[in-house]
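Asks: Input: one structure, supplied below.
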Amino acid sequence: MAGEKPVAFVAERQIPPSPPPVRTGGALGWARDNLFSGVFNTVATLLSLAFVAYILAMVVPWLFLDSVWNASSLQGCREVDDGACLAVINERFLQFVFGFYPEELRWRPILAFVLLFVAIWPALFSSAPRKLLIFSALYPLLAYWLIWGGSFWGPVGAVVGIAIGWACIRFLPPLVRGRLDEGLAFLAAVGAGILATALWWLFGVTAFDGALSSVVAIGLEPVESARLGGFLLSTIIGVSGIAGSLPIGIVLALGRRSHLILIKAVCVGFIEFIRGVPLITLLFVAWLLLSYFLPPGTEFDLILRVVIMVTAFASAYMAEVIRGGLAALPAGQYEAADSLGLDYWKSMRLIILPQALKISIPGIVNTFIGLFKDTTLVIIIGLLDPVGLLQPIRADQNWNGIVWELYGFIALFFFIFCFAMSRYSMYLERNLDVGHR
Amino acid sequence: MNASATGRDDERHAMTASGETAIEITGMNKWFGEFHVLRDINLTVYRGERIVVCGPSGSGKSTLIRCINALEGHQAGTITVEGTELSSDIKNIDRIRSEVGMCFQHFNLFPHLSVLENCTLAPIWVRREPKKEAEDRAHYFLERVKIGDQALKYPGQLSGGQQQRVAIARSLCMQPRIMLFDEPTSALDPEMIKEVLDVMVDLAESGMTMLVVSHEMGFARQVAHRIIFMDEGQIVEQNEPEAFFNNPQSERTKLFLSQILSH
């Protein structure tokens, strides 16, 4: 071979860059390359098209052309046309949205829902004004007050409880400085803070509320939990669970990797126990058992109990998802942060968590979506979420026999929420993707 | 050649600061589980001194310099850095770490932060400097490592050599008294090694105390005051560069030098 072709070669000129070849023929060319490139592909394409056409031919007339929006019963629908009887959704729409929330007070959950978007705006988009985060932090209590009503001083008392806890953590360690190991003092202060907050919430808030109400009574007409239902209920449980499970999950994930045996044991125990138990069991605990463990006479709202259980359940999953992200970071990132003198909390906050959370986005959103759909399980303990509202509707003489329309409507609601979360997570991933050319 | 080399050695010693001690290691031992990775290390590093540590893979040289800023703990003996003894007290460790800069083989830049943010993060959060001041200094050091025009890019957009120079600038922004280099050029393409070594030579000429784990023998000859050869967890031989290369004493050193200089 060497005899025929010389081995030595020298490029005679620098080849200038040129544009890539133009792709042939746009959409048609794409279809030819991908859909009709051979006999098998052509047959498969035609069969798929036929299948899609068949489904559309069934669904489109049923849902759009022959559907009935105005009737007072299934019978009435059938007399007009034989398509989907959407009149049932038309008639029961407000019940699906609000449950049995008093009609004249429905502006309150609507306002809370609108404000929800203001509150999550700064959390979702970095372009939002940072000061709005203060509103986001106060939003849960505002929403609680709007939806449940009652004295304005109740939620304010809850904030005071958090302030008390914070003050314990902030001001107790300096008091014992020098007499107690610093880490131990901090742990003790955190424990004292949590205890003080819990005690204040259990006993102090009522007195605080009563005292201030006797001076200035500000309040909204109270609405009982039993009257909440429908999408309102799903959204309350889902949004609280999502908002609560991420921070708690982060703390659990960090705790699980802690070198302090006690913290690690508590976190591992919590995660493994909660994750190892079906959510339905936890909901039953919230429903039946929890009242036995609370001091007699404490009123502890069922929805609040359910929110706590759902949050705990999702937190355990979240912790494991985030732990995966933490483990995926190269050890060099931890070492670089250490070598610059950043302490544990700063290196976590500035270096490790931003990267670990970014890696975990698909898993986090997966957990969120799972949690949101799991809210339908509360039907088991008698709460009237959208699925729970189906039973009375289907038992109604007028609408007996309607299945597809109702379940389809609920599915559509959940799909919109979950799809929005999915799209947002893709946007976020793209947005955070820097420097990988 | 020998005469001129000796002349250069003298020059270098003139650049060495007085006999002030920067790092003092006495009777230091370390184990990874059962494995005795560092054995009775005794080493004094003077201010302004530049030491190159070499040795075969697994000899403990990286572990040695990682002990100096407590990325690894040691089980016996003492390490004193700028008058502060490394103990398990977290306060001490954080203080030493902010005095000692470190560059890693794989750069370990923070990929989610821009080059500028990589450089200002520690001054702002550890030293609590105003942002403006930290950024001015970051620009100064990025200029000095000849990468000032890349300040707003992200690490992933830079070449390996550029990344390592950013890593050096990031450490310098903390104005450390001592710089540790853990095989800074081992992960680089040959074309990029020179640009990093140039920056390190420049740094050496400014009088920085430097401990460099490296196999770049040309660099060692050019800037080191002292070369330390380690094997199996132990300091086997140390000497001034010319004497070390031209007249190695121990058999293991001779073998090592013949292997790395043979190709």
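Each chain of the structure tokens is named A, B, ... in the order shown, its residues numbered from 1; ligands are numbered from 1 in display order.
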Between chain B and chain A, at 7 Å or less, what are the per-residue closest atom pairs and their distances in Å? Count only C-alpha atoms, order by chain and rising residue number, and return it as a Markdown table.

Replies:
| residue | atom | partner | partner_atom | distance |
| --- | --- | --- | --- | --- |
| B:Asn69 | CA | A:Ser339 | CA | 6.9 |
| B:Leu71 | CA | A:Glu335 | CA | 6.8 |
| B:Asp94 | CA | A:Gly341 | CA | 5.0 |
| B:Arg97 | CA | A:Gly341 | CA | 4.9 |
| B:Ser98 | CA | A:Gly341 | CA | 4.9 |
| B:Gly101 | CA | A:Ser339 | CA | 6.9 |
| B:Met102 | CA | A:Ser339 | CA | 6.4 |
| B:Asn108 | CA | A:Gly332 | CA | 5.4 |
| B:Phe110 | CA | A:Gln333 | CA | 6.9 |
| B:His112 | CA | A:Val434 | CA | 6.7 |
| B:Ala122 | CA | A:Leu340 | CA | 6.2 |
| B:Val126 | CA | A:Leu342 | CA | 6.1 |
| B:Tyr154 | CA | A:Gly435 | CA | 5.3 |
| B:Pro155 | CA | A:Gly435 | CA | 6.5 |
| B:Gly156 | CA | A:Gly435 | CA | 4.2 |
| B:Gln157 | CA | A:Gly435 | CA | 5.0 |

Asks: Could you dump the residues just selected with C-alpha atoms as a short mmCIF file (atom, residue, chain, number, x, y, z; two decimals), in the first residue's frame?

Replies:
data_model
loop_
_atom_site.label_atom_id
_atom_site.label_comp_id
_atom_site.auth_asym_id
_atom_site.auth_seq_id
_atom_site.Cartn_x
_atom_site.Cartn_y
_atom_site.Cartn_z
CA ASN B 69 -5.77 22.84 54.92
CA LEU B 71 -9.37 18.60 53.72
CA ASP B 94 -11.98 27.85 58.85
CA ARG B 97 -8.57 27.68 55.15
CA SER B 98 -9.10 31.33 54.45
CA GLY B 101 -5.42 28.88 48.88
CA MET B 102 -5.74 25.62 47.02
CA ASN B 108 -13.37 22.39 40.88
CA PHE B 110 -18.44 26.25 40.63
CA HIS B 112 -23.43 27.39 38.27
CA ALA B 122 -15.54 33.67 49.20
CA VAL B 126 -16.30 34.60 54.24
CA TYR B 154 -19.40 30.38 32.88
CA PRO B 155 -16.70 27.78 33.63
CA GLY B 156 -18.25 25.31 31.17
CA GLN B 157 -17.51 27.74 28.34
#

Asks: Could you produce a table of the residues of region 74-101 of chain B lying within 12 Å of region 209-230 of chain B, with the nearest pair of atoms per residue and their separation in Å rounded to one decimal, using only C-alpha atoms, ordered by chain and increasing residue number, as CSV?

Replies:
residue,atom,partner,partner_atom,distance
B:Val81,CA,B:Thr209,CA,11.8
B:Glu82,CA,B:Thr209,CA,11.3
B:Glu99,CA,B:Thr209,CA,11.4
B:Val100,CA,B:Thr209,CA,9.7
B:Gly101,CA,B:Met210,CA,9.5

Asks: With only C-alpha atoms as the basis for distance, which of A:Thr375, A:Thr206, A:Asn34, A:Gln75 is at the shortest distance from Gln397 (chain A)?

Replies: A:Gln75

Asks: Could you list, as a ChimeraX atom specification, every residue within 10 Å of region 89-96 of chain A, counting only C-alpha atoms and ignoring same-chain residues fewer than 6 positions away?

Replies: /A:68-73,103,106,228-233,384-390,393,405-406,409-410

Asks: Grab the CA of Gly255 (chain A) to CA of Gln75 (chain B) distance for me, in Å with one decimal place.

Replies: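 So the two atoms, CA of Gly255 (chain A) and CA of Gln75 (chain B), lie 26.3 Å apart.
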